[in-house]
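Colleague: If it helps, the file is called query39.txt and holds compact mmCIF, C-alpha atoms:
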```
# COMPACT_ATOMS: atom_id res chain seq x y z
CA MET Z 1 85.98 73.88 125.06
CA LYS Z 2 88.17 76.95 124.58
CA LYS Z 3 89.61 78.27 127.83
CA ASP Z 4 88.97 82.01 128.31
CA THR Z 5 91.33 82.50 131.26
CA CYS Z 6 94.99 81.91 132.03
CA THR Z 7 96.61 81.14 135.35
CA PHE Z 8 99.56 82.96 136.86
CA ILE Z 9 101.38 80.95 139.55
CA ASN Z 10 103.63 82.75 142.03
CA ASN Z 11 106.17 80.17 143.18
CA ARG Z 12 107.27 82.43 146.02
CA ASN Z 13 103.98 82.12 147.89
CA ASN Z 14 102.42 79.16 146.02
CA LYS Z 15 99.39 81.22 145.09
CA SER Z 16 97.68 81.17 141.71
CA TYR Z 17 95.67 83.94 140.02
CA GLU Z 18 93.23 83.84 137.12
CA PHE Z 19 93.20 86.46 134.36
CA LYS Z 20 90.81 86.78 131.42
CA ILE Z 21 91.91 86.13 127.87
CA LEU Z 22 90.39 88.62 125.41
CA ASP Z 23 90.21 87.56 121.78
CA ALA Z 24 90.93 90.00 118.94
CA ASN Z 25 89.03 90.08 115.64
CA ARG Z 26 92.43 89.76 113.97
CA GLY Z 27 95.84 89.01 115.43
CA PRO Z 28 96.86 87.63 118.81
CA SER Z 29 94.62 87.44 121.86
CA VAL Z 30 95.58 89.41 124.97
CA ILE Z 31 95.66 88.69 128.68
CA ASP Z 32 93.72 91.29 130.65
CA ILE Z 33 96.17 92.20 133.42
CA SER Z 34 94.44 95.43 134.46
CA SER Z 35 93.83 93.85 137.89
CA PHE Z 36 97.30 92.26 138.14
CA TYR Z 37 98.66 94.61 140.80
CA LYS Z 38 95.48 94.49 142.83
CA LYS Z 39 95.52 90.68 142.86
CA THR Z 40 99.24 89.97 143.16
CA GLY Z 41 100.84 93.10 144.64
CA MET Z 42 103.28 93.12 141.71
CA PHE Z 43 103.72 94.99 138.41
CA THR Z 44 104.52 93.48 135.04
CA PHE Z 45 107.83 94.51 133.41
CA ASP Z 46 107.91 95.19 129.66
CA VAL Z 47 110.60 97.59 128.41
CA GLY Z 48 109.40 99.42 125.32
CA TYR Z 49 105.96 97.82 125.71
CA THR Z 50 106.88 95.18 123.13
CA SER Z 51 104.34 92.69 124.53
CA THR Z 52 101.76 95.11 125.89
CA ALA Z 53 98.45 96.16 124.33
CA SER Z 54 97.69 99.64 125.66
CA CYS Z 55 94.18 100.03 124.27
CA LYS Z 56 91.35 98.55 122.25
CA SER Z 57 91.18 99.95 118.73
CA ALA Z 58 89.13 99.42 115.57
CA ILE Z 59 91.28 101.62 113.31
CA THR Z 60 94.41 99.87 112.06
CA PHE Z 61 95.60 96.25 112.05
CA ILE Z 62 99.15 95.02 111.49
CA ASP Z 63 100.38 91.44 111.14
CA GLY Z 64 104.14 91.80 111.12
CA GLU Z 65 104.78 88.13 110.39
CA LYS Z 66 102.65 88.19 107.23
CA GLY Z 67 103.57 91.73 106.19
CA GLU Z 68 99.94 92.85 106.43
CA LEU Z 69 98.56 96.35 107.08
CA ARG Z 70 94.86 97.26 107.03
CA TYR Z 71 92.92 100.46 107.67
CA ARG Z 72 89.38 99.73 108.91
CA GLY Z 73 89.76 96.19 107.53
CA ILE Z 74 90.89 97.26 104.04
CA ALA Z 75 94.35 96.16 102.85
CA ILE Z 76 96.85 98.99 102.34
CA GLU Z 77 97.62 97.69 98.84
CA GLU Z 78 93.97 98.23 97.84
CA LEU Z 79 93.93 101.76 99.23
CA ALA Z 80 97.27 102.78 97.72
CA GLU Z 81 96.37 101.41 94.30
CA ASN Z 82 92.70 102.32 93.93
CA HIS Z 83 91.84 105.13 96.37
CA SER Z 84 93.02 108.67 97.06
CA TYR Z 85 94.43 110.02 100.28
CA LEU Z 86 91.21 111.95 100.96
CA GLU Z 87 89.20 108.75 100.57
CA THR Z 88 91.57 107.14 103.05
CA CYS Z 89 91.11 110.06 105.46
CA PHE Z 90 87.34 109.68 105.24
CA LEU Z 91 87.68 105.94 105.83
CA LEU Z 92 89.76 106.43 108.97
CA LEU Z 93 87.53 109.16 110.37
CA TYR Z 94 84.12 107.70 109.56
CA GLY Z 95 84.81 103.96 109.30
CA LEU Z 96 83.82 103.51 105.64
CA LEU Z 97 84.86 104.69 102.20
CA PRO Z 98 82.93 107.76 100.99
CA THR Z 99 80.37 107.92 98.25
CA GLU Z 100 81.12 110.32 95.39
CA LYS Z 101 78.91 112.95 96.99
CA GLN Z 102 80.46 112.49 100.45
CA LEU Z 103 83.97 112.73 98.99
CA LEU Z 104 83.13 115.97 97.16
CA SER Z 105 81.70 117.51 100.33
CA PHE Z 106 84.72 116.38 102.38
CA ASP Z 107 87.15 117.71 99.76
CA LEU Z 108 85.45 121.11 99.63
CA GLU Z 109 85.43 121.41 103.42
CA LEU Z 110 89.18 120.73 103.60
CA ARG Z 111 89.89 123.26 100.83
CA HIS Z 112 88.04 126.03 102.66
CA ARG Z 113 89.60 125.18 106.01
CA SER Z 114 93.16 125.17 104.61
CA PHE Z 115 93.78 128.87 105.33
CA ILE Z 116 95.43 129.83 108.62
CA ASP Z 117 94.99 132.89 110.80
CA GLU Z 118 97.21 135.76 109.64
CA ASN Z 119 98.73 136.01 113.11
CA LEU Z 120 100.23 132.54 112.69
CA LYS Z 121 102.30 133.97 109.84
CA THR Z 122 103.86 136.33 112.37
CA LEU Z 123 104.74 133.40 114.63
CA ILE Z 124 106.32 131.44 111.77
CA GLY Z 125 108.14 134.56 110.60
CA ALA Z 126 109.75 134.95 114.02
CA PHE Z 127 111.72 131.71 113.63
CA PRO Z 128 115.28 131.91 112.31
CA ASP Z 129 115.76 130.83 108.70
CA THR Z 130 117.79 127.89 109.97
CA ALA Z 131 114.86 126.46 111.97
CA HIS Z 132 113.92 122.91 111.05
CA PRO Z 133 110.39 122.65 109.58
CA MET Z 134 109.45 120.12 112.27
CA SER Z 135 110.26 122.63 115.00
CA ILE Z 136 108.08 125.24 113.32
CA LEU Z 137 105.29 122.70 112.74
CA SER Z 138 105.20 121.53 116.33
CA SER Z 139 105.16 125.10 117.66
CA SER Z 140 102.54 126.39 115.22
CA VAL Z 141 100.21 123.44 115.89
CA THR Z 142 100.48 124.16 119.62
CA ALA Z 143 99.59 127.76 118.78
CA LEU Z 144 96.47 126.55 116.94
CA ALA Z 145 95.13 125.51 120.33
CA SER Z 146 94.97 129.22 121.20
CA PHE Z 147 93.14 130.13 118.01
CA TYR Z 148 90.61 127.31 118.45
CA TYR Z 149 90.48 127.01 122.20
CA GLU Z 150 86.83 125.89 122.09
CA HIS Z 151 88.02 122.44 120.96
CA LEU Z 152 89.25 121.81 124.51
CA ASP Z 153 85.64 121.19 125.56
CA ILE Z 154 84.01 119.24 122.74
CA LYS Z 155 80.42 118.34 123.53
CA ASN Z 156 79.24 116.34 120.51
CA ASP Z 157 80.34 114.41 117.42
CA GLU Z 158 79.76 117.36 115.10
CA GLU Z 159 82.24 119.51 117.03
CA CYS Z 160 84.68 116.61 117.15
CA PHE Z 161 84.68 116.14 113.36
CA GLU Z 162 84.99 119.91 112.87
CA MET Z 163 88.10 119.84 115.07
CA ALA Z 164 89.49 116.91 113.07
CA THR Z 165 88.90 118.32 109.58
CA ARG Z 166 90.33 121.68 110.67
CA ILE Z 167 93.71 120.24 111.71
CA ILE Z 168 93.92 117.92 108.67
CA ALA Z 169 93.29 120.89 106.36
CA LYS Z 170 95.72 123.29 108.01
CA ILE Z 171 98.74 121.03 108.51
CA PRO Z 172 99.83 121.16 104.81
CA THR Z 173 99.62 124.97 104.86
CA LEU Z 174 101.70 125.18 108.04
CA ALA Z 175 104.23 122.74 106.59
CA ALA Z 176 104.50 124.70 103.33
CA PHE Z 177 104.91 127.99 105.21
CA ALA Z 178 107.63 126.42 107.38
CA TYR Z 179 109.47 125.32 104.23
CA ARG Z 180 109.25 128.70 102.54
CA LYS Z 181 110.40 130.38 105.75
CA SER Z 182 113.58 128.30 105.58
CA LEU Z 183 114.15 129.59 102.04
CA GLY Z 184 113.45 133.19 102.99
CA VAL Z 185 110.82 133.55 100.27
CA PRO Z 186 107.20 134.80 100.49
CA PHE Z 187 104.47 132.48 101.68
CA ILE Z 188 102.02 131.13 99.08
CA TYR Z 189 98.40 130.92 100.19
CA PRO Z 190 96.28 127.83 99.46
CA ASP Z 191 94.38 127.75 96.17
CA ILE Z 192 90.86 126.36 96.73
CA ASP Z 193 90.67 125.38 93.06
CA LYS Z 194 93.35 122.74 93.66
CA SER Z 195 93.04 119.31 95.25
CA PHE Z 196 94.62 118.50 98.62
CA THR Z 197 97.91 117.06 97.38
CA GLU Z 198 98.28 119.30 94.32
CA ASN Z 199 97.68 122.32 96.54
CA PHE Z 200 100.52 121.33 98.85
CA LEU Z 201 102.97 121.00 95.93
CA TYR Z 202 101.69 124.34 94.64
CA MET Z 203 102.37 126.05 97.98
CA LEU Z 204 105.91 124.64 97.92
CA ARG Z 205 106.76 125.59 94.35
CA ALA Z 206 104.75 128.64 93.25
CA TYR Z 207 106.17 132.10 92.80
CA PRO Z 208 104.60 135.20 94.42
CA GLY Z 209 101.30 135.90 92.75
CA GLY Z 210 100.67 132.17 92.35
CA LYS Z 211 102.57 131.85 89.08
CA MET Z 212 104.05 128.46 88.16
CA LYS Z 213 106.95 128.02 85.80
CA ARG Z 214 106.78 125.56 82.93
CA THR Z 215 109.28 122.79 82.27
CA VAL Z 216 111.54 122.96 79.20
CA ASP Z 217 109.21 120.60 77.33
CA GLY Z 218 106.22 122.88 77.96
CA ASN Z 219 104.50 120.70 80.55
CA ASP Z 220 102.86 121.98 83.71
CA GLU Z 221 105.29 122.32 86.60
CA ILE Z 222 103.19 119.97 88.75
CA ARG Z 223 102.61 116.74 86.85
CA ALA Z 224 99.88 114.19 87.45
CA ILE Z 225 102.43 111.47 88.28
CA GLU Z 226 103.95 113.72 90.96
CA ILE Z 227 100.54 114.32 92.55
CA LYS Z 228 99.82 110.59 92.46
CA ALA Z 229 103.20 109.77 94.00
CA LEU Z 230 102.86 112.19 96.90
CA ASP Z 231 99.20 111.29 97.43
CA THR Z 232 100.19 107.63 97.73
CA ILE Z 233 102.92 108.48 100.22
CA PHE Z 234 100.33 110.32 102.33
CA THR Z 235 98.05 107.27 102.18
CA LEU Z 236 100.80 104.85 103.20
CA HIS Z 237 101.68 107.05 106.20
CA ALA Z 238 98.10 107.74 107.30
CA ASP Z 239 98.17 105.45 110.34
CA HIS Z 240 100.29 102.65 111.77
CA GLU Z 241 98.62 101.36 114.90
CA GLN Z 242 100.15 102.17 118.32
CA ASN Z 243 103.59 103.42 117.25
CA ALA Z 244 105.65 105.84 119.34
CA SER Z 245 104.08 109.08 118.07
CA THR Z 246 100.52 107.71 118.16
CA THR Z 247 101.09 106.46 121.70
CA THR Z 248 102.38 109.95 122.54
CA VAL Z 249 99.21 111.54 121.14
CA ARG Z 250 97.01 109.17 123.15
CA THR Z 251 99.12 109.73 126.28
CA VAL Z 252 98.90 113.52 126.09
CA ALA Z 253 95.20 113.33 125.23
CA SER Z 254 94.67 111.18 128.34
CA THR Z 255 95.57 114.18 130.51
CA GLY Z 256 92.67 116.21 129.09
CA ALA Z 257 94.98 118.47 127.11
CA HIS Z 258 93.76 120.34 124.03
CA PRO Z 259 93.59 117.99 120.99
CA TYR Z 260 96.00 120.16 119.00
CA VAL Z 261 98.51 120.10 121.85
CA ALA Z 262 98.36 116.29 121.72
CA ILE Z 263 98.97 116.41 117.94
CA SER Z 264 101.90 118.78 118.52
CA ALA Z 265 103.39 116.25 120.94
CA GLY Z 266 103.00 113.57 118.27
CA ILE Z 267 104.87 115.77 115.79
CA SER Z 268 107.74 116.14 118.24
CA ALA Z 269 107.85 112.36 118.81
CA LEU Z 270 107.81 111.71 115.06
CA TRP Z 271 110.82 113.97 114.58
CA GLY Z 272 113.12 111.39 116.19
CA ARG Z 273 115.58 109.67 113.85
CA ALA Z 274 114.42 106.25 115.06
CA HIS Z 275 110.86 107.11 114.00
CA GLY Z 276 109.72 109.54 111.29
CA GLY Z 277 113.15 111.05 110.76
CA ALA Z 278 114.51 107.77 109.39
CA ASN Z 279 113.91 108.68 105.74
CA GLU Z 280 116.15 111.73 106.16
CA SER Z 281 118.85 109.38 107.45
CA VAL Z 282 118.45 107.12 104.40
CA ILE Z 283 119.17 109.96 101.98
CA ALA Z 284 122.05 111.21 104.12
CA GLN Z 285 123.58 107.74 103.98
CA LEU Z 286 123.12 107.43 100.20
CA GLU Z 287 124.90 110.76 99.83
CA MET Z 288 127.68 109.53 102.11
CA ILE Z 289 128.15 106.36 100.02
CA GLY Z 290 128.52 108.70 97.07
CA ASP Z 291 128.78 106.29 94.15
CA VAL Z 292 127.57 102.85 93.03
CA SER Z 293 131.18 101.65 93.05
CA ASN Z 294 131.29 102.13 96.82
CA VAL Z 295 128.16 100.11 97.63
CA ASP Z 296 129.81 96.69 98.02
CA ALA Z 297 132.28 98.01 100.56
CA PHE Z 298 129.50 99.55 102.67
CA ILE Z 299 127.47 96.33 102.45
CA GLU Z 300 130.46 94.46 103.89
CA ARG Z 301 130.73 97.03 106.65
CA ALA Z 302 127.04 96.52 107.49
CA LYS Z 303 127.68 92.78 107.82
CA ASP Z 304 130.79 93.21 109.98
CA PRO Z 305 129.82 92.69 113.67
CA HIS Z 306 132.81 94.80 114.75
CA ASP Z 307 131.79 97.82 112.62
CA ASP Z 308 129.29 100.36 113.98
CA PHE Z 309 128.00 101.12 110.47
CA ARG Z 310 124.30 100.32 110.08
CA LEU Z 311 122.48 100.22 106.75
CA MET Z 312 119.54 102.64 106.99
CA GLY Z 313 116.11 101.82 105.58
CA PHE Z 314 116.21 98.07 106.18
CA GLY Z 315 114.26 96.04 108.73
CA HIS Z 316 111.36 97.13 110.91
CA ARG Z 317 110.36 96.86 114.57
CA VAL Z 318 107.01 95.26 113.65
CA TYR Z 319 107.37 93.72 110.19
CA LYS Z 320 109.28 90.43 110.11
CA ASN Z 321 108.44 90.09 106.45
CA PHE Z 322 108.42 92.66 103.63
CA ASP Z 323 106.90 95.99 104.67
CA PRO Z 324 103.68 96.16 102.55
CA ARG Z 325 104.05 99.94 102.28
CA ALA Z 326 107.53 99.48 100.84
CA LYS Z 327 106.14 97.22 98.11
CA ALA Z 328 103.72 99.94 97.04
CA LEU Z 329 106.48 102.56 97.03
CA LYS Z 330 108.84 100.32 95.05
CA LYS Z 331 106.23 100.12 92.28
CA LEU Z 332 105.69 103.87 92.50
CA GLN Z 333 109.42 104.55 92.30
CA ASP Z 334 109.65 102.53 89.08
CA GLU Z 335 106.74 104.48 87.57
CA LEU Z 336 108.36 107.78 88.48
CA LYS Z 337 111.69 106.70 87.06
CA ASP Z 338 110.12 105.86 83.70
CA GLU Z 339 107.74 108.82 83.39
CA LEU Z 340 110.06 111.52 84.74
CA LYS Z 341 113.11 109.90 83.15
CA LEU Z 342 114.93 109.81 86.47
CA ASP Z 343 118.41 108.38 86.57
CA SER Z 344 119.98 110.16 89.50
CA LYS Z 345 123.10 108.96 91.25
CA LEU Z 346 121.16 108.49 94.51
CA MET Z 347 118.63 106.25 92.77
CA GLN Z 348 121.42 104.18 91.22
CA ILE Z 349 123.03 103.70 94.63
CA ALA Z 350 119.69 102.77 96.20
CA GLU Z 351 118.90 100.25 93.47
CA ARG Z 352 122.29 98.59 93.87
CA ILE Z 353 121.85 98.32 97.65
CA GLU Z 354 118.37 96.88 97.17
CA GLU Z 355 119.61 94.37 94.58
CA ILE Z 356 122.29 93.03 96.92
CA ALA Z 357 120.21 93.03 100.10
CA LEU Z 358 117.28 91.11 98.58
CA LYS Z 359 119.61 88.26 97.59
CA ASP Z 360 122.25 88.26 100.31
CA ASP Z 361 121.60 85.59 102.96
CA TYR Z 362 122.84 87.92 105.70
CA PHE Z 363 119.92 90.30 105.12
CA VAL Z 364 117.32 87.69 104.09
CA SER Z 365 117.94 85.44 107.11
CA ARG Z 366 117.56 88.44 109.44
CA ASN Z 367 114.40 89.72 107.71
CA LEU Z 368 116.21 92.93 106.79
CA TYR Z 369 114.00 93.90 103.88
CA PRO Z 370 113.72 97.46 102.55
CA ASN Z 371 111.18 99.41 104.59
CA ILE Z 372 109.03 102.43 103.74
CA ASP Z 373 111.81 104.87 104.67
CA PHE Z 374 114.20 103.36 102.11
CA TYR Z 375 111.90 104.17 99.20
CA SER Z 376 110.10 107.28 100.45
CA GLY Z 377 113.32 109.29 100.78
CA VAL Z 378 114.34 108.52 97.20
CA ILE Z 379 110.86 109.33 95.87
CA LEU Z 380 110.63 112.62 97.76
CA THR Z 381 114.04 113.57 96.39
CA ALA Z 382 112.73 112.79 92.89
CA LEU Z 383 109.82 115.14 93.62
CA ARG Z 384 112.36 117.88 94.38
CA ILE Z 385 111.35 118.08 98.02
CA GLU Z 386 114.22 119.08 100.27
CA ARG Z 387 115.46 116.62 102.90
CA PRO Z 388 114.44 118.73 105.96
CA MET Z 389 110.84 118.49 104.69
CA PHE Z 390 110.75 114.68 104.60
CA THR Z 391 109.44 114.26 108.13
CA ALA Z 392 106.99 117.13 107.62
CA ILE Z 393 105.56 115.13 104.69
CA PHE Z 394 105.16 112.24 107.13
CA VAL Z 395 103.27 114.60 109.49
CA ILE Z 396 100.82 115.62 106.76
CA GLY Z 397 99.99 111.99 106.03
CA ARG Z 398 99.88 110.87 109.67
CA THR Z 399 97.74 113.72 111.07
CA VAL Z 400 94.51 111.94 110.14
CA GLY Z 401 95.68 108.81 111.96
CA TRP Z 402 96.63 110.75 115.08
CA ILE Z 403 93.36 112.65 115.22
CA THR Z 404 91.33 109.48 114.59
CA GLN Z 405 93.18 107.68 117.38
CA LEU Z 406 92.59 110.66 119.67
CA MET Z 407 88.87 110.66 118.85
CA GLU Z 408 88.66 106.93 119.53
CA PHE Z 409 90.40 107.42 122.87
CA ARG Z 410 88.00 110.20 123.89
CA ALA Z 411 84.96 108.13 122.91
CA ASP Z 412 86.03 105.07 124.93
CA PRO Z 413 84.45 105.19 128.42
CA ALA Z 414 87.17 102.86 129.71
CA SER Z 415 89.95 105.31 128.81
CA LYS Z 416 92.00 106.70 131.67
CA ILE Z 417 95.11 108.80 132.15
CA THR Z 418 98.26 106.97 131.10
CA ARG Z 419 100.38 106.12 134.14
CA PRO Z 420 102.94 103.29 133.75
CA ARG Z 421 104.80 102.00 136.81
CA GLN Z 422 108.47 101.11 137.24
CA LEU Z 423 110.97 98.64 138.65
CA TYR Z 424 112.81 100.83 141.15
CA VAL Z 425 116.57 100.10 141.34
CA GLY Z 426 117.82 103.24 143.16
CA LYS Z 427 119.03 103.73 146.72
```
How does this structure look as structure tokens?
Modeller:
Amino acid sequence: MKKDTCTFINNRNNKSYEFKILDANRGPSVIDISSFYKKTGMFTFDVGYTSTASCKSAITFIDGEKGELRYRGIAIEELAENHSYLETCFLLLYGLLPTEKQLLSFDLELRHRSFIDENLKTLIGAFPDTAHPMSILSSSVTALASFYYEHLDIKNDEECFEMATRIIAKIPTLAAFAYRKSLGVPFIYPDIDKSFTENFLYMLRAYPGGKMKRTVDGNDEIRAIEIKALDTIFTLHADHEQNASTTTVRTVASTGAHPYVAISAGISALWGRAHGGANESVIAQLEMIGDVSNVDAFIERAKDPHDDFRLMGFGHRVYKNFDPRAKALKKLQDELKDELKLDSKLMQIAERIEEIALKDDYFVSRNLYPNIDFYSGVILTALRIERPMFTAIFVIGRTVGWITQLMEFRADPASKITRPRQLYVGK
């Protein structure tokens, strides 16, 4: 018979305590230690929460040993290959993939909610041209809480989904405005005749009046392969279980703060170079390496225990196998290279690093496989998106995950304010 409890024995007082074992639908079981302090008079100690489950969730599952990622039970490879980002958003929000009619209705709602209040333009315009897009994004999302203050007191599911679709629709517009502010050029309003991802590229690239230039071969400025590439990146970033920024969103939401303030906090957490800002660091490092001829020397530096140099874009806190999102992006990168005839120096350097790392025992034995940041930075560069916008792209994709996690938290009657304890070592 399977035992559903575990025993903790305190050798200091020879007392034993029973704690329930809770089984997951996928992945490891957990020990319910919510009564640990009450029973034992002690806290558990887990720096970085590497062995701690902070909540129950039915949204995203990760098996780092197998390199597996699923949204609502569906493998990320299936979603990236066969479904759009908006279908993925619907899946995360509602728990199932949409019908054709549901997808059309969802798409139209997002298009019409993509416009922002004119007063937000004044706020964005007040930032210096040197402001990082993430700083503008975080501030403007906090400001949204003032424009839609009624979302602080949501009374039913209909209001909750209205709040969610509103923030998902407006984030790309805010991100595009932040980018154009940094260039000192006029803002481009959303075009409701364009799809979610195409519209974002349009707001980045269009000239005043909505005009788009043509390429030298007469093609449209925004190509189908570019829309597909960015749409896939959004899908791959849509959620990733209880990572640092998602945990931040849940933590702020636990205080009863406005949902958009919690999302703003998540944006700030994502900005960190150890989190969402990592793809910026990858490109910066490729630029520093400078040429394919220099790759071998930098690889040796990465392997030298006495050298502080660290190869960016390899390895992952959770995945001990190949990052499944990186596999999807590798395929996408190859498609872009062929269709757009890309042969940039950065891509050559990246391919050489990848070639060595996938064969070198130093990297293989340490599970240092290319992660999503390694490929996403190169692809975004190929899409002519400037490096300061990389993390903002991450925000656009991840907003649906954050808001879904926040909604799940609010709906759980067992949820309570986040309040970790400490091991005091002061005077």
Colleague: Using only C-alpha atoms for the distances, tell me which of Z:Tyr85, Z:Tyr37, Z:Trp402, Z:Tyr49 is nearest to Ile233 of chain Z.
Modeller: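 Closest residue, counting only C-alpha atoms: Z:Tyr85.
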Colleague: Can you list, as a short mmCIF file (atom, residue, chain, number, x, y, z; two decimals) with C-alpha atoms, keeping the file's coordinate frame, every protein, DNA or RNA residue that comes within 12 Å of Leu286 of chain Z when you count only C-alpha atoms, leaving out same-chain residues fewer than 5 positions away?
Modeller:
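Output saved as out-v3.cif:
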```
data_model
loop_
_atom_site.label_atom_id
_atom_site.label_comp_id
_atom_site.auth_asym_id
_atom_site.auth_seq_id
_atom_site.Cartn_x
_atom_site.Cartn_y
_atom_site.Cartn_z
CA ASN Z 279 113.91 108.68 105.74
CA GLU Z 280 116.15 111.73 106.16
CA SER Z 281 118.85 109.38 107.45
CA ASP Z 291 128.78 106.29 94.15
CA VAL Z 292 127.57 102.85 93.03
CA ASN Z 294 131.29 102.13 96.82
CA VAL Z 295 128.16 100.11 97.63
CA PHE Z 298 129.50 99.55 102.67
CA LEU Z 311 122.48 100.22 106.75
CA MET Z 312 119.54 102.64 106.99
CA GLY Z 313 116.11 101.82 105.58
CA SER Z 344 119.98 110.16 89.50
CA LYS Z 345 123.10 108.96 91.25
CA LEU Z 346 121.16 108.49 94.51
CA MET Z 347 118.63 106.25 92.77
CA GLN Z 348 121.42 104.18 91.22
CA ILE Z 349 123.03 103.70 94.63
CA ALA Z 350 119.69 102.77 96.20
CA GLU Z 351 118.90 100.25 93.47
CA ARG Z 352 122.29 98.59 93.87
CA ILE Z 353 121.85 98.32 97.65
CA GLU Z 354 118.37 96.88 97.17
CA PHE Z 374 114.20 103.36 102.11
CA TYR Z 375 111.90 104.17 99.20
CA GLY Z 377 113.32 109.29 100.78
CA VAL Z 378 114.34 108.52 97.20
CA THR Z 381 114.04 113.57 96.39
#
```
Colleague: Which of these residues is nearest to Asp323 of chain Z, using only C-alpha atoms: Z:Glu68, Z:Glu118, Z:Ile385, Z:Gly125?
Modeller: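 Of all the options, Z:Glu68 lies closest to Asp323 of chain Z.
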Colleague: What does the structure give for the distance between atom CA of Ser268 of chain Z and atom CA of Gln422 of chain Z, in Å to one decimal?
Modeller: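 Answer for the atom CA of Ser268 of chain Z to atom CA of Gln422 of chain Z separation: 24.2 Å.
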Colleague: Using only C-alpha atoms for the distances, tell me which of Z:Ala302, Z:Ile225, Z:His237, Z:Ala265 is nearest to Glu335 of chain Z.
Modeller: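 Looking at the shortest contact to Glu335 of chain Z, the residue is Z:Ile225.
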Colleague: Can you measure atom CA of Ser140 of chain Z to atom CA of Ala253 of chain Z for me? One decimal in Å is fine.
Modeller: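 A separation of 18.0 Å between them.
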Colleague: Kindly indicate which residue among Z:Ile356, Z:Leu91, Z:Val252, Z:Ala238 lies nearest to Ala297 of chain Z, using all atoms listed in the file for the distances.
Modeller: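 Checking each of Z:Ile356, Z:Leu91, Z:Val252, Z:Ala238 against Ala297 of chain Z, counting all atoms listed in the file, the winner is Z:Ile356.
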Colleague: (96.1, 96.2, 97.1) in this file's frame - what residues fall within 12 Å of it? Use all atoms listed in the file and give the answer as a list in words.
Modeller: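 Checking each residue against the 12 Å limit leaves Glu68, Leu69, Arg70, Tyr71, Ile74, Ala75, Ile76, Glu77, Glu78, Leu79, Ala80, Glu81, Asn82, His83, Leu236, Pro324, Arg325, Lys327, Ala328 and Lys331 of chain Z.
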Colleague: To one decimal place in Å, what is the distance between atom CA of Leu336 of chain Z and atom CA of Ala169 of chain Z?
Modeller: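 Going from atom CA of Leu336 of chain Z over to atom CA of Ala169 of chain Z, I get 26.8 Å.
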Colleague: Of the residues Z:Val185, Z:Thr142, Z:Asp373, Z:Ala244, which is the one nearest to Ala257 of chain Z, using all atoms listed in the file?
Modeller: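 The shortest atom-to-atom distance to Ala257 of chain Z comes from Z:Thr142.
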Colleague: When you look at Glu87 of chain Z with a cut-off of 10 Å (counting all atoms listed in the file), what residues show up, excluding the ones that are within fewer than 2 positions of it in the same chain? I need them as a PyMOL selection string.
Modeller: chain Z and resi 79+82-85+89-93+96-100+102-103+106-107+235
Colleague: Using C-alpha atoms, can you export the residues from the last selection as an mmCIF file, keeping the file's coordinate frame?
Modeller:
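Final output, selection_11.cif:
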```cif
data_model
loop_
_atom_site.group_PDB
_atom_site.id
_atom_site.type_symbol
_atom_site.label_atom_id
_atom_site.label_comp_id
_atom_site.auth_asym_id
_atom_site.auth_seq_id
_atom_site.Cartn_x
_atom_site.Cartn_y
_atom_site.Cartn_z
ATOM 1 C CA LEU Z 79 93.930 101.760 99.230
ATOM 2 C CA ASN Z 82 92.700 102.320 93.930
ATOM 3 C CA HIS Z 83 91.840 105.130 96.370
ATOM 4 C CA SER Z 84 93.020 108.670 97.060
ATOM 5 C CA TYR Z 85 94.430 110.020 100.280
ATOM 6 C CA CYS Z 89 91.110 110.060 105.460
ATOM 7 C CA PHE Z 90 87.340 109.680 105.240
ATOM 8 C CA LEU Z 91 87.680 105.940 105.830
ATOM 9 C CA LEU Z 92 89.760 106.430 108.970
ATOM 10 C CA LEU Z 93 87.530 109.160 110.370
ATOM 11 C CA LEU Z 96 83.820 103.510 105.640
ATOM 12 C CA LEU Z 97 84.860 104.690 102.200
ATOM 13 C CA PRO Z 98 82.930 107.760 100.990
ATOM 14 C CA THR Z 99 80.370 107.920 98.250
ATOM 15 C CA GLU Z 100 81.120 110.320 95.390
ATOM 16 C CA GLN Z 102 80.460 112.490 100.450
ATOM 17 C CA LEU Z 103 83.970 112.730 98.990
ATOM 18 C CA PHE Z 106 84.720 116.380 102.380
ATOM 19 C CA ASP Z 107 87.150 117.710 99.760
ATOM 20 C CA THR Z 235 98.050 107.270 102.180
#
```
